[in-house]
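Structure file data-v4.csv with CSV, C-alpha atoms:
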chain,number,residue,atom,x,y,z
A,66,MET,CA,0.0,0.0,0.0
A,67,HIS,CA,1.6,3.3,-1.2
A,68,ILE,CA,1.1,6.2,1.3
A,69,ASP,CA,1.2,9.7,-0.2
A,70,ASN,CA,2.5,11.9,2.6
A,71,SER,CA,1.7,15.1,0.6
A,72,GLN,CA,-2.1,14.3,1.1
A,73,PRO,CA,-4.1,14.5,4.4
A,74,LEU,CA,-4.0,11.2,6.1
A,75,GLU,CA,-7.6,10.3,5.1
A,76,TYR,CA,-6.7,10.8,1.4
A,77,SER,CA,-3.2,9.3,1.6
A,78,THR,CA,-3.9,6.0,-0.2
A,79,GLN,CA,-5.7,5.3,-3.5
A,80,GLN,CA,-8.1,3.0,-1.6
A,81,ASN,CA,-8.9,5.9,0.8
A,82,GLN,CA,-9.6,8.2,-2.1
A,83,LEU,CA,-11.9,5.6,-3.7
A,84,ASN,CA,-13.7,5.1,-0.3
A,85,ILE,CA,-14.4,8.8,-0.1
A,86,LEU,CA,-15.6,9.0,-3.7
A,87,GLY,CA,-17.9,6.0,-3.1
A,88,PHE,CA,-19.3,7.6,0.0
A,89,TRP,CA,-20.1,10.8,-2.0
A,90,ILE,CA,-22.0,8.6,-4.4
A,91,PHE,CA,-23.8,7.0,-1.5
A,92,LEU,CA,-24.7,10.5,-0.2
A,93,GLY,CA,-26.2,11.2,-3.6
A,94,ALA,CA,-28.6,8.2,-3.0
A,95,GLU,CA,-29.4,9.6,0.5
A,96,ILE,CA,-30.2,13.0,-1.1
A,97,MET,CA,-32.7,11.2,-3.4
A,98,LEU,CA,-34.3,9.5,-0.3
A,99,PHE,CA,-34.8,12.8,1.5
A,100,ALA,CA,-35.9,14.6,-1.6
A,101,THR,CA,-38.6,12.0,-2.0
A,102,LEU,CA,-39.7,12.4,1.6
A,103,PHE,CA,-39.7,16.2,1.3
A,104,THR,CA,-41.8,15.9,-2.0
A,105,ALA,CA,-44.3,13.6,-0.2
A,106,TYR,CA,-44.5,16.0,2.7
A,107,PHE,CA,-45.0,19.1,0.5
A,108,THR,CA,-47.7,17.2,-1.4
A,109,LEU,CA,-49.5,16.1,1.8
A,110,GLU,CA,-49.0,19.0,4.3
A,111,GLY,CA,-52.4,20.5,3.5
A,112,ARG,CA,-54.2,17.3,3.9
A,113,THR,CA,-55.0,17.4,7.6
A,114,GLY,CA,-58.4,15.8,7.6
A,115,SER,CA,-59.9,16.2,11.0
A,116,GLY,CA,-56.4,16.4,12.6
A,117,PRO,CA,-54.3,19.4,13.5
A,118,ALA,CA,-52.6,21.7,11.1
A,119,PRO,CA,-48.8,22.3,11.2
A,120,ALA,CA,-49.2,25.6,13.1
A,121,GLU,CA,-51.3,23.9,15.8
A,122,ILE,CA,-48.7,21.3,16.7
A,123,PHE,CA,-45.2,22.8,16.1
A,124,GLU,CA,-43.5,24.3,19.1
A,125,ILE,CA,-40.6,26.7,18.5
A,126,THR,CA,-38.5,26.0,21.6
A,127,PRO,CA,-37.8,22.3,21.0
A,128,VAL,CA,-37.1,23.0,17.4
A,129,LEU,CA,-34.6,25.7,18.2
A,130,ILE,CA,-32.9,23.5,20.8
A,131,GLU,CA,-32.6,20.7,18.2
A,132,THR,CA,-31.2,23.1,15.6
A,133,LEU,CA,-28.7,24.7,17.9
A,134,VAL,CA,-27.5,21.3,19.2
A,135,LEU,CA,-27.2,19.8,15.7
A,136,LEU,CA,-25.4,22.8,14.3
A,137,THR,CA,-23.0,22.9,17.2
A,138,SER,CA,-22.3,19.2,16.6
A,139,SER,CA,-21.4,20.0,13.0
A,140,PHE,CA,-18.9,22.5,14.3
A,141,THR,CA,-17.4,20.0,16.9
A,142,ILE,CA,-17.0,17.2,14.3
A,143,GLY,CA,-15.2,19.7,12.1
A,144,LEU,CA,-12.8,20.5,15.0
A,145,GLY,CA,-12.4,16.8,15.4
A,146,ILE,CA,-11.3,16.3,11.8
A,147,HIS,CA,-9.0,19.3,12.1
A,148,ALA,CA,-7.4,17.8,15.3
A,149,MET,CA,-7.0,14.5,13.4
A,150,ARG,CA,-5.2,16.2,10.5
A,151,LEU,CA,-2.8,17.7,13.1
A,152,GLY,CA,-2.2,14.3,14.5
A,153,ARG,CA,-3.8,15.2,17.9
A,154,LYS,CA,-5.6,11.9,18.7
A,155,ASN,CA,-6.9,12.9,22.1
A,156,ALA,CA,-8.3,16.2,20.9
A,157,MET,CA,-9.9,14.4,18.0
A,158,LEU,CA,-11.5,11.8,20.3
A,159,THR,CA,-12.7,14.6,22.7
A,160,PHE,CA,-14.4,16.5,19.8
A,161,PHE,CA,-15.9,13.3,18.4
A,162,THR,CA,-17.3,12.4,21.9
A,163,ILE,CA,-18.8,15.9,22.3
A,164,THR,CA,-20.4,15.5,18.8
A,165,LEU,CA,-22.0,12.2,19.8
A,166,LEU,CA,-23.2,13.7,23.1
A,167,LEU,CA,-24.8,16.5,21.2
A,168,GLY,CA,-26.4,14.0,18.8
A,169,LEU,CA,-27.8,12.1,21.9
A,170,CYS,CA,-29.2,15.4,23.2
A,171,PHE,CA,-30.8,16.1,19.8
A,172,LEU,CA,-32.4,12.6,19.9
A,173,GLY,CA,-33.7,13.2,23.4
A,174,VAL,CA,-35.5,16.4,22.3
A,175,GLU,CA,-36.8,14.7,19.2
A,176,ILE,CA,-38.2,11.8,21.3
A,177,TYR,CA,-39.9,14.4,23.6
A,178,GLU,CA,-41.3,16.1,20.4
A,179,PHE,CA,-42.7,12.7,19.2
A,180,MET,CA,-44.3,12.1,22.6
A,181,HIS,CA,-45.9,15.6,22.5
A,182,TYR,CA,-47.3,14.8,19.0
A,183,TYR,CA,-48.7,11.5,20.3
A,184,HIS,CA,-50.3,13.2,23.4
A,185,ILE,CA,-52.1,15.8,21.3
A,186,GLY,CA,-53.4,13.2,18.8
A,187,ALA,CA,-51.0,13.7,15.9
A,188,THR,CA,-50.0,10.1,15.0
A,189,TYR,CA,-49.4,8.3,11.8
A,190,GLN,CA,-53.1,7.5,11.5
A,191,THR,CA,-54.3,11.0,12.1
A,192,SER,CA,-53.9,12.5,8.7
A,193,ALA,CA,-51.8,12.4,5.5
A,194,PHE,CA,-49.9,15.5,6.9
A,195,THR,CA,-49.0,13.8,10.2
A,196,ALA,CA,-48.0,10.6,8.5
A,197,ALA,CA,-45.7,12.5,6.1
A,198,LEU,CA,-44.3,14.6,8.9
A,199,LEU,CA,-43.5,11.7,11.3
A,200,THR,CA,-42.0,9.7,8.4
A,201,THR,CA,-39.7,12.5,7.4
A,202,LEU,CA,-38.6,13.3,11.0
A,203,GLY,CA,-38.4,9.7,11.9
A,204,THR,CA,-36.1,8.9,9.0
A,205,HIS,CA,-33.8,11.7,9.9
A,206,GLY,CA,-33.9,10.6,13.6
A,207,ALA,CA,-33.0,7.0,12.5
A,208,HIS,CA,-30.1,8.3,10.6
A,209,VAL,CA,-28.9,10.2,13.7
A,210,THR,CA,-29.3,7.1,15.7
A,211,LEU,CA,-27.2,5.1,13.2
A,212,GLY,CA,-24.6,7.9,13.4
A,213,LEU,CA,-24.3,7.6,17.1
A,214,PHE,CA,-23.5,3.9,16.9
A,215,TRP,CA,-21.2,4.4,13.9
A,216,GLY,CA,-19.4,7.3,15.7
A,217,THR,CA,-19.0,5.2,18.8
A,218,PHE,CA,-17.3,2.4,16.8
A,219,ILE,CA,-15.0,5.0,15.1
A,220,ILE,CA,-13.9,6.3,18.6
A,221,LEU,CA,-13.2,2.8,19.8
A,222,GLN,CA,-11.2,2.0,16.7
A,223,VAL,CA,-9.1,5.2,16.9
A,224,LYS,CA,-8.5,4.5,20.6
A,225,LYS,CA,-7.3,0.9,19.8
A,226,ARG,CA,-5.4,1.5,16.6
A,227,GLY,CA,-4.4,5.1,16.7
A,228,LEU,CA,-4.4,7.5,13.7
A,229,THR,CA,-3.7,5.4,10.6
A,230,PRO,CA,-4.7,6.0,7.0
A,231,GLU,CA,-7.6,3.6,7.6
A,232,THR,CA,-8.9,5.0,10.8
A,233,ALA,CA,-8.5,8.6,9.5
A,234,ASN,CA,-10.4,7.6,6.3
A,235,LYS,CA,-13.3,6.1,8.3
A,236,SER,CA,-13.4,9.1,10.6
A,237,PHE,CA,-13.5,11.6,7.7
A,238,ILE,CA,-16.2,9.6,6.0
A,239,PHE,CA,-18.2,9.6,9.2
A,240,SER,CA,-17.8,13.4,9.4
A,241,LEU,CA,-19.2,13.7,5.9
A,242,TYR,CA,-22.2,11.7,7.0
A,243,TRP,CA,-22.7,13.9,10.1
A,244,HIS,CA,-22.5,17.1,8.1
A,245,PHE,CA,-25.0,15.6,5.6
A,246,LEU,CA,-27.5,15.1,8.5
A,247,ASP,CA,-27.0,18.7,9.6
A,248,VAL,CA,-27.8,19.9,6.1
A,249,VAL,CA,-30.9,17.8,5.9
A,250,TRP,CA,-32.0,19.3,9.3
A,251,ILE,CA,-31.6,22.8,8.0
A,252,PHE,CA,-34.1,21.9,5.2
A,253,ILE,CA,-36.4,20.3,7.8
A,254,PHE,CA,-36.1,23.4,10.1
A,255,SER,CA,-36.7,25.9,7.2
A,256,PHE,CA,-39.2,24.2,5.0
A,257,ILE,CA,-41.2,22.1,7.5
A,258,TYR,CA,-41.1,23.9,10.8
A,259,LEU,CA,-40.7,27.6,10.0
A,260,LYS,CA,-43.0,27.4,7.0
A,261,GLY,CA,-45.5,25.4,9.0
A,262,MET,CA,-45.5,28.0,11.8
A,263,MET,CA,-46.3,30.9,9.5
With the file now loaded, output its structure as structure tokens.
Amino acid sequence: MHIDNSQPLEYSTQQNQLNILGFWIFLGAEIMLFATLFTAYFTLEGRTGSGPAPAEIFEITPVLIETLVLLTSSFTIGLGIHAMRLGRKNAMLTFFTITLLLGLCFLGVEIYEFMHYYHIGATYQTSAFTAALLTTLGTHGAHVTLGLFWGTFIILQVKKRGLTPETANKSFIFSLYWHFLDVVWIFIFSFIYLKGMM
């Protein structure tokens, strides 16, 4: 395996470069998944039947907390990758851990939000709007949950093996995934919550 020391560690082998390219292609498929969910939501958001409308169920405080927490986690994962590129393993692990704790906090607020919807009668069966809403939010939440497990395995690997071309590559790919979840959330925040509250 030839290591190109002129490249950042995560790009330092041809296999690493191919892994990153492959992950960008995978993210393209994920974009299509969320584009489909958004399309379904926008088509069905006015179909509330006898159930509540968006403005009746959305609460700004939990949504702002979720947004602040997730955007902060995007910043901390960026700091983690920067520390990794400087060869500072402990700093990287600290920032990755903070990122996962923020992700856990996000999920906690989202679970609270789902319980709130359930208690006010906004369930999957209530209307086409609530079904599309809960499917979109739930899919994003499932991706965050997967990210928490994935990030934990990355941390354990880096602790055990140190910073190698392979662990750096996996860590960088994980950071791309996490940033992608943040971008999706910006769309959810802007086009589902803010639009729905107007």
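Among the candidates A:Phe161, A:Ile130, A:Arg150, A:Phe239, the residue lying nearest to Gln72 in chain A is A:Arg150 (atoms considered: all atoms listed in the file).
CA of Phe254 in chain A is positioned 8.6 Å from CA of Leu129 in chain A.
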Residues within 12 Å of range 195-203 of chain A, please, as a tab-separated table (two decimals) with C-alpha atoms, in the frame of the given file. Count all atoms listed in the file; anything in the same chain fewer than 2 positions from it doesn't count.
chain	number	residue	atom	x	y	z
A	98	LEU	CA	-34.30	9.50	-0.30
A	99	PHE	CA	-34.80	12.80	1.50
A	100	ALA	CA	-35.90	14.60	-1.60
A	101	THR	CA	-38.60	12.00	-2.00
A	102	LEU	CA	-39.70	12.40	1.60
A	103	PHE	CA	-39.70	16.20	1.30
A	104	THR	CA	-41.80	15.90	-2.00
A	105	ALA	CA	-44.30	13.60	-0.20
A	106	TYR	CA	-44.50	16.00	2.70
A	107	PHE	CA	-45.00	19.10	0.50
A	108	THR	CA	-47.70	17.20	-1.40
A	109	LEU	CA	-49.50	16.10	1.80
A	110	GLU	CA	-49.00	19.00	4.30
A	111	GLY	CA	-52.40	20.50	3.50
A	112	ARG	CA	-54.20	17.30	3.90
A	113	THR	CA	-55.00	17.40	7.60
A	114	GLY	CA	-58.40	15.80	7.60
A	115	SER	CA	-59.90	16.20	11.00
A	116	GLY	CA	-56.40	16.40	12.60
A	117	PRO	CA	-54.30	19.40	13.50
A	118	ALA	CA	-52.60	21.70	11.10
A	119	PRO	CA	-48.80	22.30	11.20
A	121	GLU	CA	-51.30	23.90	15.80
A	122	ILE	CA	-48.70	21.30	16.70
A	123	PHE	CA	-45.20	22.80	16.10
A	128	VAL	CA	-37.10	23.00	17.40
A	131	GLU	CA	-32.60	20.70	18.20
A	172	LEU	CA	-32.40	12.60	19.90
A	175	GLU	CA	-36.80	14.70	19.20
A	176	ILE	CA	-38.20	11.80	21.30
A	178	GLU	CA	-41.30	16.10	20.40
A	179	PHE	CA	-42.70	12.70	19.20
A	180	MET	CA	-44.30	12.10	22.60
A	182	TYR	CA	-47.30	14.80	19.00
A	183	TYR	CA	-48.70	11.50	20.30
A	185	ILE	CA	-52.10	15.80	21.30
A	186	GLY	CA	-53.40	13.20	18.80
A	187	ALA	CA	-51.00	13.70	15.90
A	188	THR	CA	-50.00	10.10	15.00
A	189	TYR	CA	-49.40	8.30	11.80
A	190	GLN	CA	-53.10	7.50	11.50
A	191	THR	CA	-54.30	11.00	12.10
A	192	SER	CA	-53.90	12.50	8.70
A	193	ALA	CA	-51.80	12.40	5.50
A	205	HIS	CA	-33.80	11.70	9.90
A	206	GLY	CA	-33.90	10.60	13.60
A	207	ALA	CA	-33.00	7.00	12.50
A	208	HIS	CA	-30.10	8.30	10.60
A	209	VAL	CA	-28.90	10.20	13.70
A	210	THR	CA	-29.30	7.10	15.70
A	246	LEU	CA	-27.50	15.10	8.50
A	249	VAL	CA	-30.90	17.80	5.90
A	250	TRP	CA	-32.00	19.30	9.30
A	252	PHE	CA	-34.10	21.90	5.20
A	253	ILE	CA	-36.40	20.30	7.80
A	254	PHE	CA	-36.10	23.40	10.10
A	256	PHE	CA	-39.20	24.20	5.00
A	257	ILE	CA	-41.20	22.10	7.50
A	258	TYR	CA	-41.10	23.90	10.80
A	261	GLY	CA	-45.50	25.40	9.00
Q. Could you name the residues that touch Leu241 in chain A at 10 Å or less, counting only C-alpha atoms, but leaving out those on the same chain fewer than 5 positions away, as a ChimeraX atom specification?
A. /A:85,88-89,92,139,142-143,235-236,246-247
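Rounded to one decimal, CA of Tyr242 in chain A and CA of Gly212 in chain A lie 7.8 Å from each other.
Proximity to Val223 in chain A was assessed for A:Gly168, A:Gly152, A:Pro127, A:Gly173 counting all atoms listed in the file; the smallest distance is recorded for A:Gly152.
Taking CA of Leu135 in chain A and CA of Thr232 in chain A as endpoints, the distance between them is 24.0 Å.
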**Q.** Nearest to Thr137 in chain A, chosen from A:Met262, A:Thr229, A:Phe91, A:Cys170, with all atoms listed in the file counted in the distances
**A.** A:Cys170
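Using only C-alpha atoms, the smallest distance between any of A:Leu133, A:Ala233, A:Leu151, A:Val174 and Thr78 in chain A comes from A:Ala233.
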